[in-house]
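File shown here: structure02.tsv, holding TSV, C-alpha atoms and all ligand atoms.
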chain	number	residue	atom	x	y	z
A	30	MET	CA	83.36	97.48	123.74
A	31	GLY	CA	83.29	98.01	119.99
A	32	LYS	CA	85.05	96.05	117.31
A	33	VAL	CA	88.47	96.87	115.87
A	34	VAL	CA	88.74	97.28	112.10
A	35	ALA	CA	92.36	97.53	110.97
A	36	GLY	CA	93.74	98.05	107.47
A	37	ASN	CA	97.16	96.65	106.64
A	38	TRP	CA	98.18	98.35	103.42
A	39	LYS	CA	101.29	96.15	103.05
A	40	MET	CA	103.57	97.62	100.32
A	41	HIS	CA	100.82	99.73	98.73
A	42	HIS	CA	99.99	103.46	98.78
A	43	GLY	CA	102.93	105.86	98.84
A	44	PRO	CA	102.43	109.32	100.41
A	45	ALA	CA	100.38	110.72	97.49
A	46	ALA	CA	98.14	107.66	97.31
A	47	ALA	CA	97.70	107.74	101.10
A	48	ALA	CA	96.48	111.34	100.91
A	49	ALA	CA	94.18	110.44	97.99
A	50	PHE	CA	92.74	107.55	100.04
A	51	PHE	CA	91.83	109.85	102.91
A	52	SER	CA	90.30	112.46	100.63
A	53	ARG	CA	87.63	109.81	99.89
A	54	PHE	CA	87.45	107.79	103.13
A	55	SER	CA	84.33	108.69	105.12
A	56	PRO	CA	82.57	105.72	106.75
A	57	ARG	CA	79.06	106.42	108.02
A	58	THR	CA	79.61	105.51	111.67
A	59	ALA	CA	79.51	107.29	115.00
A	60	PRO	CA	83.10	108.21	115.96
A	61	ASP	CA	83.30	105.78	118.90
A	62	ALA	CA	81.26	102.91	117.41
A	63	VAL	CA	84.35	101.14	116.11
A	64	GLU	CA	88.13	101.48	116.55
A	65	ILE	CA	89.74	102.12	113.16
A	66	LEU	CA	93.44	101.40	112.69
A	67	PHE	CA	95.72	101.89	109.70
A	68	PHE	CA	99.08	100.30	109.02
A	69	PRO	CA	100.46	102.24	106.02
A	70	PRO	CA	103.98	101.74	104.68
A	71	VAL	CA	106.27	103.60	107.08
A	72	ILE	CA	107.21	106.07	104.31
A	73	SER	CA	103.52	107.10	104.08
A	74	LEU	CA	102.82	107.36	107.82
A	75	ALA	CA	103.23	111.14	108.03
A	76	ALA	CA	101.11	111.82	104.93
A	77	ALA	CA	98.41	109.46	106.21
A	78	MET	CA	98.31	111.04	109.67
A	79	ARG	CA	98.22	114.52	108.16
A	80	THR	CA	95.31	113.79	105.82
A	81	VAL	CA	93.09	111.39	107.80
A	82	GLY	CA	89.69	112.93	108.43
A	83	VAL	CA	88.19	110.50	110.96
A	84	PRO	CA	89.36	109.32	114.40
A	85	ALA	CA	91.83	106.51	113.71
A	86	GLY	CA	94.97	104.98	115.18
A	87	PHE	CA	98.14	104.47	113.16
A	88	GLY	CA	100.83	101.87	113.30
A	89	VAL	CA	103.81	100.45	111.47
A	90	GLN	CA	103.90	97.07	109.74
A	91	ASN	CA	107.18	95.91	111.27
A	92	ILE	CA	109.86	97.02	113.73
A	93	HIS	CA	113.38	95.93	114.58
A	94	SER	CA	114.03	94.57	118.05
A	95	GLU	CA	116.95	96.92	118.77
A	96	LYS	CA	116.59	100.60	119.65
A	97	ALA	CA	119.20	101.79	117.15
A	98	GLY	CA	122.26	100.48	115.35
A	99	ALA	CA	123.81	99.38	112.09
A	100	PHE	CA	120.69	97.71	110.68
A	101	THR	CA	120.26	99.20	107.23
A	102	GLY	CA	116.66	99.57	106.15
A	103	GLU	CA	115.16	98.88	109.57
A	104	THR	CA	113.02	101.03	111.91
A	105	SER	CA	113.06	100.80	115.70
A	106	ALA	CA	109.96	100.88	117.87
A	107	GLU	CA	111.17	104.13	119.46
A	108	MET	CA	111.55	105.80	116.07
A	109	ALA	CA	108.12	104.59	114.97
A	110	GLY	CA	106.64	106.05	118.15
A	111	GLU	CA	108.42	109.35	117.61
A	112	ALA	CA	106.97	109.48	114.08
A	113	GLY	CA	103.45	109.13	115.52
A	114	ALA	CA	102.78	105.38	115.40
A	115	ARG	CA	100.91	104.01	118.43
A	116	PHE	CA	100.60	100.42	117.15
A	117	ALA	CA	103.02	97.92	115.61
A	118	LEU	CA	102.15	94.83	113.59
A	119	ILE	CA	104.53	92.08	114.60
A	120	GLY	CA	105.07	88.63	113.09
A	121	HIS	CA	102.79	89.09	110.10
A	122	SER	CA	102.80	85.88	108.06
A	123	GLU	CA	104.62	87.66	105.23
A	124	ARG	CA	107.36	88.59	107.70
A	125	ARG	CA	107.47	85.03	109.00
A	126	HIS	CA	107.32	83.21	105.67
A	127	ILE	CA	108.89	85.59	103.10
A	128	PHE	CA	111.48	87.19	105.39
A	129	GLY	CA	112.08	84.17	107.61
A	130	GLU	CA	111.19	85.66	110.99
A	131	SER	CA	111.32	83.09	113.76
A	132	ASP	CA	109.19	82.85	116.89
A	133	ALA	CA	112.25	84.10	118.82
A	134	GLU	CA	112.46	87.24	116.65
A	135	VAL	CA	108.73	87.82	116.96
A	136	SER	CA	109.10	87.55	120.73
A	137	ALA	CA	112.03	90.01	120.78
A	138	LYS	CA	110.15	92.50	118.60
A	139	THR	CA	107.09	92.20	120.84
A	140	GLY	CA	109.24	93.05	123.86
A	141	ALA	CA	110.74	96.02	121.99
A	142	ALA	CA	107.29	97.37	121.12
A	143	VAL	CA	106.10	97.05	124.72
A	144	ARG	CA	109.22	98.81	126.07
A	145	ALA	CA	108.72	101.66	123.58
A	146	GLY	CA	105.08	102.09	124.62
A	147	LEU	CA	103.60	100.87	121.33
A	148	VAL	CA	100.58	98.57	121.27
A	149	PRO	CA	101.73	95.30	119.67
A	150	VAL	CA	99.34	93.62	117.25
A	151	VAL	CA	100.97	90.20	117.02
A	152	CYS	CA	99.97	87.96	114.13
A	153	VAL	CA	99.71	84.19	114.37
A	154	GLY	CA	98.33	81.57	112.00
A	155	GLU	CA	98.89	78.18	110.46
A	156	LEU	CA	99.97	77.14	106.97
A	157	LEU	CA	97.58	75.05	104.87
A	158	GLY	CA	99.80	71.97	105.28
A	159	GLU	CA	99.82	72.43	109.05
A	160	ARG	CA	96.02	72.68	109.12
A	161	ARG	CA	95.67	69.59	106.92
A	162	ALA	CA	98.08	67.69	109.16
A	163	GLY	CA	95.89	68.47	112.19
A	164	LEU	CA	98.46	70.83	113.69
A	165	LEU	CA	96.27	73.95	114.09
A	166	GLU	CA	96.25	73.90	117.88
A	167	GLU	CA	99.92	72.97	118.19
A	168	VAL	CA	101.04	75.79	115.86
A	169	LEU	CA	98.88	78.43	117.54
A	170	ARG	CA	99.97	77.36	121.03
A	171	ARG	CA	103.63	77.52	119.96
A	172	GLN	CA	103.28	80.96	118.34
A	173	VAL	CA	101.27	82.41	121.23
A	174	GLY	CA	103.53	80.72	123.78
A	175	ALA	CA	106.47	82.67	122.34
A	176	ILE	CA	104.87	86.05	123.05
A	177	VAL	CA	103.15	85.71	126.42
A	178	GLU	CA	106.23	86.67	128.39
A	179	PRO	CA	106.95	89.98	126.60
A	180	LEU	CA	103.21	90.75	126.58
A	181	ALA	CA	102.86	90.26	130.34
A	182	THR	CA	103.90	93.88	131.00
A	183	ALA	CA	102.02	95.44	128.07
A	184	SER	CA	99.33	97.93	129.04
A	185	ARG	CA	97.50	96.98	125.85
A	186	PHE	CA	97.98	94.53	123.00
A	187	MET	CA	96.04	92.59	120.37
A	188	VAL	CA	96.54	89.29	118.61
A	189	ALA	CA	95.55	88.79	114.97
A	190	TYR	CA	94.72	85.26	113.85
A	191	GLU	CA	95.51	85.07	110.15
A	192	PRO	CA	95.40	81.57	108.62
A	193	VAL	CA	98.12	81.77	105.98
A	194	TRP	CA	96.00	79.88	103.42
A	195	ALA	CA	93.36	82.62	103.60
A	196	ILE	CA	95.66	85.60	103.04
A	197	GLY	CA	95.31	87.22	99.63
A	198	THR	CA	93.76	84.04	98.21
A	199	GLY	CA	90.06	84.90	98.33
A	200	GLU	CA	89.75	81.79	100.51
A	201	THR	CA	88.15	82.84	103.82
A	202	ALA	CA	87.94	80.90	107.03
A	203	THR	CA	84.30	80.37	107.98
A	204	PRO	CA	83.06	82.19	111.08
A	205	GLY	CA	83.18	78.77	112.76
A	206	ASP	CA	86.84	78.24	111.76
A	207	ALA	CA	87.69	81.69	113.10
A	208	ALA	CA	85.84	81.09	116.37
A	209	GLU	CA	87.61	77.74	116.86
A	210	ALA	CA	91.07	79.24	116.29
A	211	HIS	CA	90.33	82.32	118.40
A	212	ALA	CA	89.26	80.11	121.30
A	213	ILE	CA	92.61	78.30	121.08
A	214	VAL	CA	94.48	81.63	121.01
A	215	ARG	CA	92.50	82.89	123.99
A	216	SER	CA	93.21	79.75	125.95
A	217	ALA	CA	96.92	79.90	125.07
A	218	LEU	CA	97.04	83.51	126.30
A	219	GLY	CA	96.19	82.29	129.80
A	220	GLU	CA	96.02	85.26	132.16
A	221	LEU	CA	96.19	87.64	129.20
A	222	ALA	CA	93.05	86.19	127.60
A	223	SER	CA	91.00	89.39	127.76
A	224	ALA	CA	92.96	90.96	124.87
A	225	PRO	CA	91.14	91.63	121.59
A	226	ILE	CA	91.69	88.93	118.95
A	227	LEU	CA	91.27	90.03	115.32
A	228	TYR	CA	90.63	87.79	112.31
A	229	GLY	CA	92.52	88.38	109.06
A	230	GLY	CA	92.48	86.67	105.67
A	231	SER	CA	90.38	87.73	102.65
A	232	VAL	CA	88.00	89.86	104.73
A	233	LYS	CA	85.59	91.70	102.40
A	234	PRO	CA	82.39	93.75	102.84
A	235	GLY	CA	80.40	90.58	102.10
A	236	ASN	CA	81.88	88.43	104.90
A	237	ALA	CA	82.98	91.02	107.49
A	238	SER	CA	79.70	91.10	109.32
A	239	ALA	CA	79.43	87.32	109.76
A	240	LEU	CA	83.07	87.04	110.84
A	241	MET	CA	82.73	89.85	113.39
A	242	SER	CA	79.58	88.27	114.80
A	243	ALA	CA	81.38	84.98	115.51
A	244	PRO	CA	82.25	84.19	119.13
A	245	ASP	CA	85.65	85.48	120.24
A	246	VAL	CA	86.17	87.62	117.09
A	247	ASP	CA	86.84	91.15	118.32
A	248	GLY	CA	87.59	92.69	114.96
A	249	VAL	CA	89.32	92.21	111.62
A	250	LEU	CA	92.71	92.88	110.05
A	251	VAL	CA	92.14	93.63	106.37
A	252	GLY	CA	94.71	93.54	103.58
A	253	GLY	CA	93.54	93.92	99.97
A	254	ALA	CA	90.09	95.25	100.82
A	255	SER	CA	91.59	98.06	102.93
A	256	LEU	CA	93.20	99.71	99.90
A	257	ASP	CA	90.00	101.16	98.47
A	258	PRO	CA	88.40	103.84	100.66
A	259	ASP	CA	84.81	102.96	99.74
A	260	ILE	CA	85.27	99.22	100.23
A	261	PHE	CA	87.13	99.67	103.52
A	262	ALA	CA	84.45	102.10	104.73
A	263	ARG	CA	81.85	99.36	104.25
A	264	ILE	CA	83.90	96.99	106.43
A	265	VAL	CA	84.22	99.72	109.07
A	266	GLU	CA	80.43	100.15	108.97
A	267	ALA	CA	80.00	96.36	109.38
A	268	GLY	CA	82.29	96.54	112.42
A	269	ALA	CA	80.24	99.33	113.97
A	270	ALA	CA	77.03	97.34	113.49
A	271	ALA	CA	78.54	94.10	114.85
A	272	GLY	CA	80.01	95.95	117.83
A	273	SER	CA	76.71	97.50	118.81
A	274	ALA	CA	75.11	94.03	118.76
A	275	ASP	CA	77.74	92.64	121.17
A	276	PRO	CA	76.90	92.00	124.80
A	277	VAL	CA	78.91	94.30	127.05
A	278	ARG	CA	82.28	92.74	127.68
A	279	GLU	CA	85.22	93.72	129.83
A	280	ARG	CA	87.64	94.01	126.96
A	301	LIG	P1	94.03	89.96	102.66
A	301	LIG	O1	92.88	90.67	103.33
A	301	LIG	O2	94.49	90.64	101.41
A	301	LIG	O3	93.76	88.51	102.52
A	301	LIG	O4	95.29	90.10	103.68
A	301	LIG	C1	95.12	89.76	105.00
A	301	LIG	C2	96.31	90.24	105.76
A	301	LIG	O5	97.39	89.69	105.63
A	301	LIG	C3	96.15	91.41	106.65
A	301	LIG	O6	97.26	91.58	107.45
Could you render the structure as structure tokens?
Ligand code: 13P
Amino acid sequence: MGKVVAGNWKMHHGPAAAAAFFSRFSPRTAPDAVEILFFPPVISLAAAMRTVGVPAGFGVQNIHSEKAGAFTGETSAEMAGEAGARFALIGHSERRHIFGESDAEVSAKTGAAVRAGLVPVVCVGELLGERRAGLLEEVLRRQVGAIVEPLATASRFMVAYEPVWAIGTGETATPGDAAEAHAIVRSALGELASAPILYGGSVKPGNASALMSAPDVDGVLVGGASLDPDIFARIVEAGAAAGSADPVRER
């Protein structure tokens, strides 16, 4: 199966900028050579879905674990689905480290996404200090361990490995680093190990191909380099090429 190339726009591109992005986004790939996903700000979801010109899936960057209630500023998985989202990023490192989301909250949100029929894309990854202290495997096993139960009933899900020290820093994990971490994530997933595992953290046109050719790397989750339509198109094209070079896998 082909690679997944996902763009997480974070808090960039309002509705007008989303439409402007899609007026210029036209990767040179066969429609089914790569799975393209976008995570725009929720306020731009409708404009993005209305103006996209290529086959692509859309998701939200965060959900609340409850269906509805007095939670000012939050969006439930059901509401996101009603608005057209099919995917939900959960536990992004910025949610964990800026907004203080715990493993327990990430687990609850994962369950909420599954119940609402969204495809969870759950993010895991270690801090620089944790890596330096030799805690990579322990951190990944703890973060993945917190989500296996809610994921057990998911018809589809993905995990994104995003080392926190490589996010927005220009510092990229080597393909070997990514492969090592992805193998740990896959092992920690146990019976769920056939899920796609994406790499995220300073992915650019110049490193996307090598990363997506590494063992166990099924795609990429791109932040900064997904904001420009021409740059992101080049990463999508790298994904299509890497996917066609893959041996056939049941994934
Ligand atoms: P950058 O690609 O900007 O490093 O961000 C990665 C990321 O956090 C994607 O979710």
For CA of Leu157 in chain A and CA of Ala202 in chain A, determine how far apart the two atoms are, in Å to one decimal place.
->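 Taking CA of Leu157 in chain A as the start and CA of Ala202 in chain A as the end point, the length is 11.5 Å.
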Enumerate, in order of chain and increasing residue number, the residues of chain A with an atom no farther than 7 Å from ligand LIG 301 (chain A), each with its shortest atom pair and distance in Å to one decimal, counting only C-alpha atoms and all ligand atoms, as a Markdown table.
| residue | atom | partner | partner_atom | distance |
| --- | --- | --- | --- | --- |
| A:Asn37 | CA | A:LIG301 | O6 | 5.1 |
| A:His121 | CA | A:LIG301 | O6 | 6.6 |
| A:Glu191 | CA | A:LIG301 | O5 | 6.7 |
| A:Ala195 | CA | A:LIG301 | O3 | 6.0 |
| A:Ile196 | CA | A:LIG301 | O3 | 3.5 |
| A:Gly197 | CA | A:LIG301 | O3 | 3.5 |
| A:Thr198 | CA | A:LIG301 | O3 | 6.2 |
| A:Gly199 | CA | A:LIG301 | O3 | 6.7 |
| A:Gly229 | CA | A:LIG301 | C1 | 5.0 |
| A:Gly230 | CA | A:LIG301 | O3 | 3.9 |
| A:Ser231 | CA | A:LIG301 | O3 | 3.5 |
| A:Val232 | CA | A:LIG301 | O1 | 5.1 |
| A:Leu250 | CA | A:LIG301 | C3 | 5.1 |
| A:Val251 | CA | A:LIG301 | O1 | 4.3 |
| A:Gly252 | CA | A:LIG301 | O1 | 3.4 |
| A:Gly253 | CA | A:LIG301 | O2 | 3.7 |
| A:Ala254 | CA | A:LIG301 | O1 | 5.9 |
Within 12 Å of (98.8, 81.6, 107.9), in the coordinates the file gives, what residues turn up when you count only C-alpha atoms, written out as an NGL selection string?
-> :A and (120-127 or 152-160 or 165 or 168-169 or 172 or 189-198 or 200-202 or 210 or 228-231)
Name the residues in contact with Val188 in chain A at a cut-off of 9 Å, using only C-alpha atoms, excluding same-chain residues fewer than 5 positions from it; report them as a list in words.
->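 Contacts, with the query itself left out: Pro149, Val150, Val151, Cys152, Val153, Val173, Val214, Ala224, Pro225, Ile226, Leu227 and Tyr228 of chain A.
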Could you tell me which of A:Glu166, A:Glu103, A:Glu130, A:Glu64 comes closest to Ala267 in chain A if we count all atoms listed in the file?
-> A:Glu64
Taking into account all atoms listed in the file, which residue in the set A:Ala76, A:Leu218, A:Leu66, A:Ala175 is nearest to Ala112 in chain A?
->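 Answer, going by the shortest atom-to-atom distance: A:Ala76.
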Of the listed residues A:Ile65, A:Ala48, A:Val249, A:Ala217, that which approaches Val81 in chain A most closely, counting only C-alpha atoms =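 Ranked by minimum distance to Val81 in chain A, first place goes to A:Ala48.
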Can you tell me, as JSON, the centre and edge lengths (Å, one decimal) of the axis-aligned box enclosing all of range 139-146 of chain A's listed atoms after padding each side by 3 Å?
{"center_x": 107.9, "center_y": 97.1, "center_z": 123.5, "size_x": 11.7, "size_y": 15.9, "size_z": 11.2}
What gap, in Å, lies between CA of Ser73 in chain A and CA of Ala114 in chain A?
->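 Between these atoms lies a distance of 11.5 Å.
Here CA of Trp38 in chain A stands at a distance of 12.2 Å from CA of Asn91 in chain A.
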Pick from A:Glu107, A:Asp247, A:Glu167, A:Asp257: nearest to Val143 in chain A, with all atoms listed in the file counted?
-> A:Glu107
Restricting to only C-alpha atoms, whichever of A:Pro84, A:Gly129, A:Pro44, A:Gly31 is closest to Met241 in chain A is A:Gly31
Taking (102.9, 99.1, 104.8) in the file's own coordinates, collect the residues within 12 Å, counting only C-alpha atoms, and hand them back as a PyMOL selection string.
-> chain A and resi 36-44+47+67-74+77+87-92+117-118+121+123-124+252-253+255-256
